[in-house]
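As structure tokens, the structure follows; a few thoughts come after it.
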Amino acid sequence: MRKPIYEMTPKHNPFTENFDIKIWGELHGGMECAVYHFAPGTDVTPGLKTLGGFCPIPHWGYCFKGEMTIRYDDGTEELVRAGDVFYSPKGHTLIVDKNAPVACEILEFSNEADFGKTDAMVANTATIQKEKSR
């Protein structure tokens with residue numbers, strides 16, 4: 001199976017709208033394969049509010065543009081830059097500096113079963129936040 005990354009299915013939901021995130025992703029071999037484009041100033045923590053502010057599933061990935069800070073629930077942080085591979089265990093969030101000169105783009109892989117449940121909860125949280133802001 002082969003496919004150019006930007007020919008994967010674009011994903012649109014309140015999470016992508018509220019947080020200025022673009023996502024292209026599909027399921028392959030039991031894994032969610034997704035490309036994320038995070039604009040400068042993106043902080044996904046509010047979207048994870050109903051999950052305690054941290055993502056409950058692990059991800060494996062590669063950063064091919066920009067940089068992001070991965071913050072863990074123990075208070076530690078890691079800076080991931082273009083050219084880095086990364087593993088984010090459960091209990092993380094991510095932030096792109098508002099003064100970043102370019103967006104951060106990553107290719108990420110997650111277990112399909114875990115990702116589907118979490119994705120739905122995050123989209124629901126974003127929907128609630130969007131309605132409250134009206």
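Just so we're on the same page: first chain in the structure tokens is A, next is B, and so on; residues restart at 1 for each chain, and ligands are numbered from 1 in the order they show up.
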Please identify every residue of range 47-89 of chain A that has at least one atom no farther than 12 Å from an atom of range 12-22 of chain A, counting only C-alpha atoms, and for each give the shortest atom pair and the distance in Å to one decimal, arranged by chain then increasing number, as JSON lines.
```
{"residue": "A:Gly47", "atom": "CA", "partner": "A:Phe15", "partner_atom": "CA", "distance": 6.8}
{"residue": "A:Leu48", "atom": "CA", "partner": "A:Phe15", "partner_atom": "CA", "distance": 9.9}
{"residue": "A:Lys49", "atom": "CA", "partner": "A:Phe15", "partner_atom": "CA", "distance": 12.0}
```
- [ ] Name the residues of chain A that come out as alpha helix (DSSP H) in a backbone DSSP run; write them as a PyMOL selection string.
- [x] chain A and resi 14-18+112-132
- [ ] For Thr69 in chain A, work out the shell of residues within 9 Å, counting only C-alpha atoms and skipping chain neighbours fewer than 2 positions away, then give it as a ChimeraX atom specification.
- [x] /A:67,71,77-81,93-97
TODO: May I have all residues of chain A that DSSP, computed from the backbone, assigns to strand (DSSP E), given as a ChimeraX atom specification?
DONE: /A:10-11,21-28,31-38,59-65,67-72,77-81,85-88,92-95,104-111
Could you write those residues out with N, CA and C atoms, as a short mmCIF file (atom, residue, chain, number, x, y, z; two decimals), in the first residue's frame?
```cif
data_model
loop_
_atom_site.label_atom_id
_atom_site.label_comp_id
_atom_site.auth_asym_id
_atom_site.auth_seq_id
_atom_site.Cartn_x
_atom_site.Cartn_y
_atom_site.Cartn_z
N PRO A 10 -8.84 14.25 4.16
CA PRO A 10 -8.81 15.38 5.09
C PRO A 10 -9.85 15.19 6.18
N LYS A 11 -9.50 15.56 7.40
CA LYS A 11 -10.43 15.43 8.52
C LYS A 11 -10.86 16.81 8.97
N ILE A 21 -5.96 23.54 13.15
CA ILE A 21 -5.19 22.33 12.85
C ILE A 21 -5.73 21.74 11.56
N LYS A 22 -4.83 21.27 10.71
CA LYS A 22 -5.25 20.54 9.51
C LYS A 22 -4.76 19.10 9.68
N ILE A 23 -5.65 18.16 9.33
CA ILE A 23 -5.32 16.74 9.50
C ILE A 23 -5.72 15.99 8.24
N TRP A 24 -4.81 15.13 7.78
CA TRP A 24 -5.11 14.17 6.72
C TRP A 24 -4.79 12.81 7.31
N GLY A 25 -5.72 11.87 7.25
CA GLY A 25 -5.44 10.59 7.87
C GLY A 25 -6.30 9.46 7.38
N GLU A 26 -5.78 8.25 7.55
CA GLU A 26 -6.49 7.03 7.16
C GLU A 26 -6.00 5.87 8.01
N LEU A 27 -6.79 4.82 8.02
CA LEU A 27 -6.43 3.60 8.73
C LEU A 27 -5.69 2.66 7.79
N HIS A 28 -4.57 2.13 8.28
CA HIS A 28 -3.77 1.17 7.50
C HIS A 28 -3.16 0.17 8.47
N MET A 31 -3.50 0.69 12.23
CA MET A 31 -2.94 1.94 12.75
C MET A 31 -3.59 3.13 12.07
N GLU A 32 -3.81 4.20 12.83
CA GLU A 32 -4.23 5.48 12.27
C GLU A 32 -2.95 6.17 11.82
N CYS A 33 -2.86 6.44 10.55
CA CYS A 33 -1.72 7.14 9.96
C CYS A 33 -2.22 8.54 9.62
N ALA A 34 -1.60 9.57 10.20
CA ALA A 34 -2.11 10.92 9.99
C ALA A 34 -0.98 11.93 9.86
N VAL A 35 -1.23 12.94 9.03
CA VAL A 35 -0.36 14.10 8.92
C VAL A 35 -1.08 15.25 9.59
N TYR A 36 -0.38 15.94 10.47
CA TYR A 36 -0.94 17.08 11.20
C TYR A 36 -0.18 18.34 10.83
N HIS A 37 -0.92 19.41 10.65
CA HIS A 37 -0.36 20.75 10.41
C HIS A 37 -0.86 21.62 11.56
N PHE A 38 0.07 22.01 12.45
CA PHE A 38 -0.27 22.84 13.61
C PHE A 38 0.25 24.26 13.36
N HIS A 59 1.67 7.72 20.80
CA HIS A 59 1.83 8.01 19.38
C HIS A 59 3.31 7.86 19.00
N TRP A 60 3.54 7.45 17.76
CA TRP A 60 4.88 7.39 17.20
C TRP A 60 4.88 8.32 15.99
N GLY A 61 5.95 9.08 15.79
CA GLY A 61 5.91 10.01 14.67
C GLY A 61 7.24 10.55 14.21
N TYR A 62 7.12 11.42 13.22
CA TYR A 62 8.26 12.10 12.61
C TYR A 62 7.87 13.55 12.35
N CYS A 63 8.68 14.48 12.79
CA CYS A 63 8.43 15.90 12.56
C CYS A 63 9.20 16.30 11.30
N PHE A 64 8.48 16.76 10.29
CA PHE A 64 9.18 17.13 9.06
C PHE A 64 9.19 18.62 8.78
N LYS A 65 8.59 19.42 9.66
CA LYS A 65 8.63 20.87 9.50
C LYS A 65 8.37 21.54 10.84
N GLU A 67 8.67 22.99 14.73
CA GLU A 67 8.96 22.35 16.01
C GLU A 67 7.75 22.47 16.94
N MET A 68 7.71 21.60 17.93
CA MET A 68 6.64 21.60 18.92
C MET A 68 7.20 21.16 20.25
N THR A 69 6.54 21.58 21.30
CA THR A 69 6.89 21.14 22.64
C THR A 69 5.88 20.08 23.05
N ILE A 70 6.38 18.94 23.48
CA ILE A 70 5.52 17.90 24.04
C ILE A 70 5.66 18.02 25.56
N ARG A 71 4.54 18.26 26.22
CA ARG A 71 4.51 18.38 27.68
C ARG A 71 3.85 17.12 28.24
N TYR A 72 4.49 16.54 29.25
CA TYR A 72 4.00 15.31 29.87
C TYR A 72 3.31 15.60 31.20
N GLU A 77 9.09 18.34 29.77
CA GLU A 77 8.82 18.76 28.40
C GLU A 77 9.95 18.31 27.48
N GLU A 78 9.62 18.13 26.22
CA GLU A 78 10.59 17.80 25.18
C GLU A 78 10.33 18.69 23.99
N LEU A 79 11.38 19.19 23.38
CA LEU A 79 11.25 19.96 22.16
C LEU A 79 11.52 19.03 20.99
N VAL A 80 10.55 18.90 20.10
CA VAL A 80 10.67 18.06 18.91
C VAL A 80 10.82 18.99 17.72
N ARG A 81 11.89 18.78 16.94
CA ARG A 81 12.19 19.65 15.80
C ARG A 81 12.14 18.87 14.49
N VAL A 85 12.47 11.95 15.02
CA VAL A 85 11.43 10.95 15.24
C VAL A 85 11.06 11.07 16.71
N PHE A 86 9.83 10.71 17.06
CA PHE A 86 9.42 10.83 18.46
C PHE A 86 8.45 9.74 18.85
N TYR A 87 8.41 9.50 20.14
CA TYR A 87 7.42 8.62 20.76
C TYR A 87 6.82 9.42 21.90
N SER A 88 5.50 9.54 21.91
CA SER A 88 4.79 10.22 22.99
C SER A 88 3.96 9.19 23.73
N HIS A 92 0.31 13.08 27.56
CA HIS A 92 1.05 14.18 26.93
C HIS A 92 0.09 15.18 26.29
N THR A 93 0.60 16.35 25.99
CA THR A 93 -0.09 17.35 25.20
C THR A 93 0.97 18.01 24.33
N LEU A 94 0.55 18.85 23.39
CA LEU A 94 1.55 19.52 22.57
C LEU A 94 1.21 20.98 22.34
N ILE A 95 2.28 21.75 22.18
CA ILE A 95 2.16 23.20 22.03
C ILE A 95 3.14 23.65 20.96
N CYS A 104 4.16 23.71 12.45
CA CYS A 104 4.77 22.40 12.73
C CYS A 104 3.96 21.35 11.97
N GLU A 105 4.66 20.48 11.25
CA GLU A 105 4.00 19.39 10.54
C GLU A 105 4.64 18.07 10.94
N ILE A 106 3.77 17.12 11.27
CA ILE A 106 4.23 15.81 11.71
C ILE A 106 3.47 14.71 10.99
N LEU A 107 4.10 13.56 10.90
CA LEU A 107 3.48 12.32 10.47
C LEU A 107 3.41 11.46 11.72
N GLU A 108 2.21 10.98 12.04
CA GLU A 108 2.03 10.28 13.31
C GLU A 108 1.25 8.98 13.11
N PHE A 109 1.61 7.99 13.93
CA PHE A 109 0.94 6.69 13.90
C PHE A 109 0.41 6.38 15.29
N SER A 110 -0.84 5.88 15.33
CA SER A 110 -1.49 5.54 16.60
C SER A 110 -2.29 4.26 16.40
N ASN A 111 -2.44 3.48 17.48
CA ASN A 111 -3.25 2.28 17.43
C ASN A 111 -4.69 2.65 17.10
#
```
TODO: Would you work out the distance separating CA of Gly29 in chain A from CA of Thr50 in chain A, expressed in Å to one decimal?
DONE: 28.8 Å
Open item on the list: Just want the 8 Å neighbourhood of Pro101 in chain A, counted on only C-alpha atoms, with same-chain residues fewer than 2 positions away dropped. Output as number ranges by chain.
Closed with: A: 40, 66, 99, 103
Can you write out the residues you just picked, keeping N, CA and C atoms, as a PDB file, in the first residue's frame?
```pdb
ATOM      1  N   PRO A  40       1.349  28.169  14.137  1.00  0.00           N
ATOM      2  CA  PRO A  40       1.991  28.792  15.300  1.00  0.00           C
ATOM      3  C   PRO A  40       0.928  29.217  16.316  1.00  0.00           C
ATOM      4  N   GLY A  66       9.119  22.590  11.151  1.00  0.00           N
ATOM      5  CA  GLY A  66       8.887  23.358  12.365  1.00  0.00           C
ATOM      6  C   GLY A  66       9.314  22.626  13.621  1.00  0.00           C
ATOM      7  N   ASN A  99       5.201  32.384  18.514  1.00  0.00           N
ATOM      8  CA  ASN A  99       6.165  33.147  17.721  1.00  0.00           C
ATOM      9  C   ASN A  99       6.951  32.277  16.745  1.00  0.00           C
ATOM     10  N   ALA A 103       4.719  26.791  10.658  1.00  0.00           N
ATOM     11  CA  ALA A 103       3.858  25.787  11.280  1.00  0.00           C
ATOM     12  C   ALA A 103       4.672  24.523  11.562  1.00  0.00           C
TER      13      ALA A 103
END
```
- [ ] Work out how far CA of Val102 in chain A is from CA of Thr42 in chain A, in Å to one decimal.
- [x] 11.7 Å
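Between CA of Lys3 in chain A and CA of Pro89 in chain A the separation is 27.0 Å.
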